[in-house]
Amino acid sequence: MSQAPRSLSQVLLYSVLLILSVYPICLSAQINEQLAPTSVPGPARNSLELEAITWSGCSGIQPQQLLGVIQSRESELSLTRQLALYYYENLKRNPATPPQMMRTLTGVQHDLREELRYFNPHVAEDDSAAIVRFYDVNGYHQATVTWNFGYVRSTDKNTLSFTVQEGPRAIIDSILIVGLDSLPVDVQQQIQSVRTVKSNSPFSEADLEADFRSMVKTLQNNGYYLAGYERPTVIMSADKLHDSVAVIFRTGPRKRIGTIVFEENTAGYGAITESMKQRQLEFSVGEWYNADLIEKSRTNLINLSVFETVIIDTVASEVLDSTFNPITDSNLAIRVFTKCSKPYDVGANLLLYQTAIDNYLNFGVGLTALHRNAFGGAQTASVTAQYVLQDISRVFQNQPLLSEALLSGVLGWPSIFRLWDWRAGLQLNTYYSLRLLVSPFRLESFGVGGRLPVNLPATRVVNGFDVTASVERQLPRNFEQALDSALADAPTKEDSSYVLSTYNQFLVLDNYLNGAKRFFTGIYAGLNIRGEHRDNPVDPRKGNFYNLSAEVGFGAGRFVRSQFFYTQLIPSSEHLTFATKVKIGHIQLLDFTRGSNGADTNTYVPLDRQFFAGGAASIRSYPSRLLHDPRSGVITSLNPSQSEILANVVGSASLLELSFESRYRFPKPTGMDEFWASIIARSGITVFADYGNAFNRMTKDLYGAMRFSDLIEGSVLAAGVGYRFETPVGPFRVDFATSVYDPLRSEGQWITNRKLPFSTSNWYLSLGLGHAF
């Protein structure tokens, strides 16, 4: 196998030589005879090589299911061997073919002989018996299977063919269950609710086993921790069309939890308080034994990230319960054993991550010091220093990169209290940030905040919410220099008024700092409600997720910000998923008044709370932050370069984004080197459409100018294609998109009315880590 790359290069080389020199010699009067497909396996093909497996007569059970039953396998030919075999079989009939070429092609096939599979009649007989057994356990008691092996001229392959006569499928006449009659009524009702196989259902041993396992799990969740069942007995009717099933259940005694014993191996590190571990348990003393709650408790303890090992099991009966009485036949002692892992970590690393709110792909370097058990209660304490280039897709869209230097500290309690089935944590953070917006204009920020995350049971529509509060101080650095430069570039009085309007929010902030003499420029409180119902938050295939947030701000500006996000994923097949997104948001300014001369207006909202459209996770046919509604978002007096500069410092108050994606993941190919096969299996393509825009630009002249009709008339319709590659932290994606409809164009708003619509100037490239939504 190690010679395959060398052999492939030789095959390709000889392919070129064939085209340039050898092949013209073959164009003789005998060409038709030489190029006709052979009907007899030649020297390069073994007559017993198994090249294909076919099926006929399968209707109730699909061939894909039967492939997992049989031992026979087709040859899995790599691209190298397929090329070598093709050229060998065609060139061997040409006397002018150089001998060295034939020896090389023969050597390539010899090197890859491990790819070949061969027919064995004894294996075929075993396979036939296995297929009959598989049909039998699925109710086809009269099924028969025959096989045949030989060369098939139409496909030019040695083929093993299985012919199935399925016959009718038996149905279940009755299911007799013994051993559950004495159970309490409520437990019997729960057992009946999990049963899916009833009388008159098609017979399937797998479905019956699944039903019986669900019944056992229900028993184990209601105190019967030793519950199980014996192998079912199936009685077949004489005509093999009706089956009766009998099964005996062993429930064992019903047990309550009498006491909980905590044992910990600190491994030389700090111990975790028992109260913290107690809060992670979903069960308590006096409750019936519940296997699901025990497993969920184990998961909760593991998620604290401070334990190397977590074991929850029963212990010997001589242990005393919570009242210091011996454990009796009616209760159990539960042991919770934990082994601590190393709690601290210090390191430097390269950063490549996607932001939580805007889904921007950021790149940078960072230093982090982390302790996972700061005060003995699994509290997480960390200090981080980072230098980050924000939204690196801007490089491919001819935009300047934004940068940020950040120093932050976080202290988190994973669990501070439980109320009903709610679990609450606490996170405190502080940070210092220096962001380059438009050279030399920088925004310096300092803040302190707190977040109270509350988790609810995962099965509920709302399964979590956060309460947030923070204070912040923002200082515009070199603001006057940036403003003077912008005014100098404004030739008319009207242009100057537009510049002042655009920079109004920073004028408000500058005046607030110089006039009010207050330290904090903003005080914020918010509520975030979420519902996470996807099968995998990193790379989901099905389910939905929604997030509804509201925040109120006071200080230099007063506002209410609200946002709604929803995504739905619908699997169409094993490899194809459809995904949709809805994202809407609005900022209501509480101090905004429109005077005759524009006075007494306040459009200040912190930059990271404004809305922007365009970019890798927004409308992908526009560069990041450069998309604005033509009526309520575009500052018409500025030239394009000035608009790009201001796009980094002035966002919008309203946002609408709708998206659709068709995501296809390639199946793992056979007959290929394992490395390249795994690369293909981790790759995928997507076809997508985006619709929306940002409205109500945060200037005193444009805020509030949007009409309802602008949501339709002013929105961009984009379409494109993308490539995905699976990574442990989500798919890395590359997207190409263009605007099908673009209301910002003075002409050629529809793509059909543009000259050269598929030229590179009409398409934008964007990068991302994780899905766009």
# chains A, B, ... in the order shown; residues from 1 in each chain; ligands from 1

call {"tool": "residues_around", "arguments": {"residues": "Arg625 in chain A", "least_positions_apart": "3", "cutoff": "12 Å", "atoms": "only C-alpha atoms", "output": "count of residues only"}}
result
40

call {"tool": "closest_residue", "arguments": {"among": "A:Glu444, A:Gln588, A:Arg558, A:Val462", "to": "Tyr546 in chain A", "atoms": "only C-alpha atoms"}}
result
A:Val462

call {"tool": "select_by_dssp", "arguments": {"residues": "range 558-729 of chain A", "states": "helix (DSSP H, G or I)", "output": "number ranges by chain"}}
result
A: 607-609, 640-647, 674-681, 710-713

call {"tool": "residues_around", "arguments": {"residues": "Arg231 in chain A", "least_positions_apart": "6", "cutoff": "10 Å", "atoms": "only C-alpha atoms", "output": "PDB file with all heavy atoms, in the first residue's frame"}}
result
ATOM      1  N   GLU A 209     -37.887  -6.593  21.092  1.00  0.00           N
ATOM      2  CA  GLU A 209     -36.800  -6.399  22.059  1.00  0.00           C
ATOM      3  C   GLU A 209     -36.727  -4.941  22.499  1.00  0.00           C
ATOM      4  O   GLU A 209     -36.510  -4.650  23.683  1.00  0.00           O
ATOM      5  CB  GLU A 209     -35.472  -6.836  21.447  1.00  0.00           C
ATOM      6  CG  GLU A 209     -35.334  -8.331  21.229  1.00  0.00           C
ATOM      7  CD  GLU A 209     -35.114  -9.082  22.532  1.00  0.00           C
ATOM      8  OE1 GLU A 209     -34.872  -8.439  23.564  1.00  0.00           O
ATOM      9  OE2 GLU A 209     -35.197 -10.324  22.516  1.00  0.00           O
ATOM     10  N   ALA A 246     -44.727 -14.801  24.214  1.00  0.00           N
ATOM     11  CA  ALA A 246     -44.843 -14.831  25.668  1.00  0.00           C
ATOM     12  C   ALA A 246     -43.510 -14.426  26.274  1.00  0.00           C
ATOM     13  O   ALA A 246     -42.450 -14.859  25.821  1.00  0.00           O
ATOM     14  CB  ALA A 246     -45.232 -16.226  26.143  1.00  0.00           C
ATOM     15  N   VAL A 247     -43.554 -13.560  27.295  1.00  0.00           N
ATOM     16  CA  VAL A 247     -42.331 -13.095  27.934  1.00  0.00           C
ATOM     17  C   VAL A 247     -42.571 -12.975  29.434  1.00  0.00           C
ATOM     18  O   VAL A 247     -43.653 -12.559  29.877  1.00  0.00           O
ATOM     19  CB  VAL A 247     -41.871 -11.741  27.344  1.00  0.00           C
ATOM     20  CG1 VAL A 247     -42.930 -10.670  27.534  1.00  0.00           C
ATOM     21  CG2 VAL A 247     -40.551 -11.289  27.948  1.00  0.00           C
ATOM     22  N   ILE A 248     -41.581 -13.368  30.214  1.00  0.00           N
ATOM     23  CA  ILE A 248     -41.661 -13.315  31.675  1.00  0.00           C
ATOM     24  C   ILE A 248     -40.740 -12.208  32.180  1.00  0.00           C
ATOM     25  O   ILE A 248     -39.541 -12.189  31.860  1.00  0.00           O
ATOM     26  CB  ILE A 248     -41.258 -14.663  32.292  1.00  0.00           C
ATOM     27  CG1 ILE A 248     -42.208 -15.773  31.813  1.00  0.00           C
ATOM     28  CG2 ILE A 248     -41.258 -14.573  33.812  1.00  0.00           C
ATOM     29  CD1 ILE A 248     -41.806 -17.152  32.287  1.00  0.00           C
ATOM     30  N   PHE A 249     -41.309 -11.274  32.966  1.00  0.00           N
ATOM     31  CA  PHE A 249     -40.536 -10.189  33.561  1.00  0.00           C
ATOM     32  C   PHE A 249     -40.215 -10.523  35.014  1.00  0.00           C
ATOM     33  O   PHE A 249     -41.047 -11.078  35.739  1.00  0.00           O
ATOM     34  CB  PHE A 249     -41.312  -8.870  33.502  1.00  0.00           C
ATOM     35  CG  PHE A 249     -41.194  -8.163  32.183  1.00  0.00           C
ATOM     36  CD1 PHE A 249     -41.989  -8.531  31.118  1.00  0.00           C
ATOM     37  CD2 PHE A 249     -40.273  -7.139  32.012  1.00  0.00           C
ATOM     38  CE1 PHE A 249     -41.880  -7.900  29.897  1.00  0.00           C
ATOM     39  CE2 PHE A 249     -40.164  -6.491  30.799  1.00  0.00           C
ATOM     40  CZ  PHE A 249     -40.962  -6.868  29.734  1.00  0.00           C
TER      41      PHE A 249
END

call {"tool": "residues_around", "arguments": {"residues": "range 716-722 of chain A", "least_positions_apart": "3", "cutoff": "9 Å", "atoms": "only C-alpha atoms", "output": "count of residues only"}}
result
31

call {"tool": "atom_distance", "arguments": {"atom1": "CA of Phe758 in chain A", "atom2": "CA of Arg663 in chain A"}}
result
22.8 Å

call {"tool": "closest_residue", "arguments": {"among": "A:Val187, A:Val152, A:Leu241, A:Val197", "to": "Tyr224 in chain A", "atoms": "only C-alpha atoms"}}
result
A:Val187

call {"tool": "atom_distance", "arguments": {"atom1": "CA of Asn120 in chain A", "atom2": "CA of Ala52 in chain A"}}
result
13.6 Å

call {"tool": "residues_around", "arguments": {"residues": "Ala405 in chain A", "least_positions_apart": "3", "cutoff": "7 Å", "atoms": "only C-alpha atoms", "output": "MDAnalysis selection string"}}
result
chainID A and resid 386:388 433:435

call {"tool": "closest_residue", "arguments": {"among": "A:Lys157, A:Lys668, A:Arg169, A:Arg460", "to": "Asp239 in chain A", "atoms": "only C-alpha atoms"}}
result
A:Arg169

call {"tool": "closest_residue", "arguments": {"among": "A:Asp313, A:Glu747, A:Glu74, A:Asp292", "to": "Glu263 in chain A", "atoms": "only C-alpha atoms"}}
result
A:Asp313

call {"tool": "closest_residue", "arguments": {"among": "A:Ser470, A:Asn94, A:Gln65, A:Ser403", "to": "Tyr431 in chain A", "atoms": "only C-alpha atoms"}}
result
A:Ser470

call {"tool": "residues_around", "arguments": {"residues": "Leu513 in chain A", "least_positions_apart": "5", "cutoff": "10 Å", "atoms": "only C-alpha atoms", "output": "PDB file with N, CA and C atoms, in the first residue's frame"}}
result
ATOM      1  N   ARG A 473     -17.824  51.701  30.941  1.00  0.00           N
ATOM      2  CA  ARG A 473     -17.276  53.027  30.666  1.00  0.00           C
ATOM      3  C   ARG A 473     -16.598  52.970  29.302  1.00  0.00           C
ATOM      4  N   GLN A 474     -17.041  53.819  28.374  1.00  0.00           N
ATOM      5  CA  GLN A 474     -16.445  53.903  27.046  1.00  0.00           C
ATOM      6  C   GLN A 474     -15.846  55.282  26.833  1.00  0.00           C
ATOM      7  N   LEU A 475     -14.633  55.281  26.280  1.00  0.00           N
ATOM      8  CA  LEU A 475     -13.923  56.521  26.000  1.00  0.00           C
ATOM      9  C   LEU A 475     -13.514  56.549  24.533  1.00  0.00           C
ATOM     10  N   PRO A 476     -14.007  57.503  23.746  1.00  0.00           N
ATOM     11  CA  PRO A 476     -13.549  57.630  22.361  1.00  0.00           C
ATOM     12  C   PRO A 476     -12.173  58.293  22.327  1.00  0.00           C
ATOM     13  N   LEU A 507     -20.496  62.140  19.579  1.00  0.00           N
ATOM     14  CA  LEU A 507     -20.554  63.491  20.154  1.00  0.00           C
ATOM     15  C   LEU A 507     -21.315  63.458  21.471  1.00  0.00           C
ATOM     16  N   VAL A 508     -22.423  62.712  21.499  1.00  0.00           N
ATOM     17  CA  VAL A 508     -23.195  62.567  22.730  1.00  0.00           C
ATOM     18  C   VAL A 508     -22.336  61.943  23.819  1.00  0.00           C
ATOM     19  N   ARG A 518     -19.394  61.733  35.012  1.00  0.00           N
ATOM     20  CA  ARG A 518     -19.698  60.451  35.630  1.00  0.00           C
ATOM     21  C   ARG A 518     -18.723  59.397  35.116  1.00  0.00           C
ATOM     22  N   PHE A 519     -18.438  58.435  35.973  1.00  0.00           N
ATOM     23  CA  PHE A 519     -17.430  57.444  35.593  1.00  0.00           C
ATOM     24  C   PHE A 519     -17.991  56.461  34.569  1.00  0.00           C
ATOM     25  N   PHE A 520     -19.149  55.861  34.854  1.00  0.00           N
ATOM     26  CA  PHE A 520     -19.731  54.877  33.949  1.00  0.00           C
ATOM     27  C   PHE A 520     -20.620  55.566  32.921  1.00  0.00           C
ATOM     28  N   THR A 521     -20.465  55.146  31.671  1.00  0.00           N
ATOM     29  CA  THR A 521     -21.277  55.731  30.600  1.00  0.00           C
ATOM     30  C   THR A 521     -22.528  54.915  30.301  1.00  0.00           C
ATOM     31  N   ALA A 556     -25.241  57.446  29.043  1.00  0.00           N
ATOM     32  CA  ALA A 556     -25.061  58.398  27.950  1.00  0.00           C
ATOM     33  C   ALA A 556     -26.206  58.317  26.949  1.00  0.00           C
TER      34      ALA A 556
END

call {"tool": "select_by_dssp", "arguments": {"residues": "range 150-349 of chain A", "states": "strand (DSSP E)", "output": "PyMOL selection string"}}
result
chain A and resi 150-152+157-165+171-178+228-229+233-236+242-250+256-265+307-314+331-340+344-349

call {"tool": "residues_around", "arguments": {"residues": "Arg335 in chain A", "least_positions_apart": "4", "cutoff": "6 Å", "atoms": "only C-alpha atoms", "output": "PDB file with all heavy atoms, in the first residue's frame"}}
result
ATOM      1  N   ILE A 260     -27.352   8.522  50.872  1.00  0.00           N
ATOM      2  CA  ILE A 260     -26.403   8.832  49.801  1.00  0.00           C
ATOM      3  C   ILE A 260     -25.035   9.040  50.441  1.00  0.00           C
ATOM      4  O   ILE A 260     -24.883   9.880  51.337  1.00  0.00           O
ATOM      5  CB  ILE A 260     -26.824  10.089  49.020  1.00  0.00           C
ATOM      6  CG1 ILE A 260     -28.216   9.882  48.400  1.00  0.00           C
ATOM      7  CG2 ILE A 260     -25.801  10.425  47.932  1.00  0.00           C
ATOM      8  CD1 ILE A 260     -28.788  11.129  47.759  1.00  0.00           C
ATOM      9  N   VAL A 261     -24.058   8.260  50.017  1.00  0.00           N
ATOM     10  CA  VAL A 261     -22.710   8.309  50.573  1.00  0.00           C
ATOM     11  C   VAL A 261     -21.773   8.913  49.539  1.00  0.00           C
ATOM     12  O   VAL A 261     -21.715   8.433  48.396  1.00  0.00           O
ATOM     13  CB  VAL A 261     -22.227   6.897  50.975  1.00  0.00           C
ATOM     14  CG1 VAL A 261     -20.816   6.962  51.537  1.00  0.00           C
ATOM     15  CG2 VAL A 261     -23.197   6.272  51.964  1.00  0.00           C
ATOM     16  N   PHE A 262     -21.050   9.961  49.917  1.00  0.00           N
ATOM     17  CA  PHE A 262     -20.097  10.603  49.016  1.00  0.00           C
ATOM     18  C   PHE A 262     -18.687  10.123  49.348  1.00  0.00           C
ATOM     19  O   PHE A 262     -18.260  10.171  50.513  1.00  0.00           O
ATOM     20  CB  PHE A 262     -20.168  12.129  49.131  1.00  0.00           C
ATOM     21  CG  PHE A 262     -21.428  12.720  48.572  1.00  0.00           C
ATOM     22  CD1 PHE A 262     -22.511  12.969  49.408  1.00  0.00           C
ATOM     23  CD2 PHE A 262     -21.540  13.021  47.232  1.00  0.00           C
ATOM     24  CE1 PHE A 262     -23.680  13.507  48.913  1.00  0.00           C
ATOM     25  CE2 PHE A 262     -22.711  13.565  46.706  1.00  0.00           C
ATOM     26  CZ  PHE A 262     -23.787  13.809  47.556  1.00  0.00           C
ATOM     27  N   ILE A 312     -21.572   6.265  40.139  1.00  0.00           N
ATOM     28  CA  ILE A 312     -22.726   6.252  41.044  1.00  0.00           C
ATOM     29  C   ILE A 312     -23.297   4.842  41.030  1.00  0.00           C
ATOM     30  O   ILE A 312     -23.751   4.366  39.994  1.00  0.00           O
ATOM     31  CB  ILE A 312     -23.795   7.276  40.634  1.00  0.00           C
ATOM     32  CG1 ILE A 312     -23.198   8.693  40.563  1.00  0.00           C
ATOM     33  CG2 ILE A 312     -24.962   7.251  41.605  1.00  0.00           C
ATOM     34  CD1 ILE A 312     -24.194   9.757  40.142  1.00  0.00           C
ATOM     35  N   ASP A 313     -23.246   4.169  42.176  1.00  0.00           N
ATOM     36  CA  ASP A 313     -23.740   2.796  42.246  1.00  0.00           C
ATOM     37  C   ASP A 313     -24.294   2.513  43.640  1.00  0.00           C
ATOM     38  O   ASP A 313     -24.303   3.388  44.515  1.00  0.00           O
ATOM     39  CB  ASP A 313     -22.634   1.802  41.882  1.00  0.00           C
ATOM     40  CG  ASP A 313     -21.389   1.959  42.743  1.00  0.00           C
ATOM     41  OD1 ASP A 313     -21.448   2.738  43.727  1.00  0.00           O
ATOM     42  OD2 ASP A 313     -20.365   1.323  42.452  1.00  0.00           O
ATOM     43  N   THR A 314     -24.773   1.289  43.853  1.00  0.00           N
ATOM     44  CA  THR A 314     -25.286   0.892  45.164  1.00  0.00           C
ATOM     45  C   THR A 314     -24.155   0.304  45.998  1.00  0.00           C
ATOM     46  O   THR A 314     -23.137  -0.154  45.473  1.00  0.00           O
ATOM     47  CB  THR A 314     -26.400  -0.151  45.004  1.00  0.00           C
ATOM     48  OG1 THR A 314     -25.885  -1.278  44.297  1.00  0.00           O
ATOM     49  CG2 THR A 314     -27.566   0.438  44.228  1.00  0.00           C
TER      50      THR A 314
END
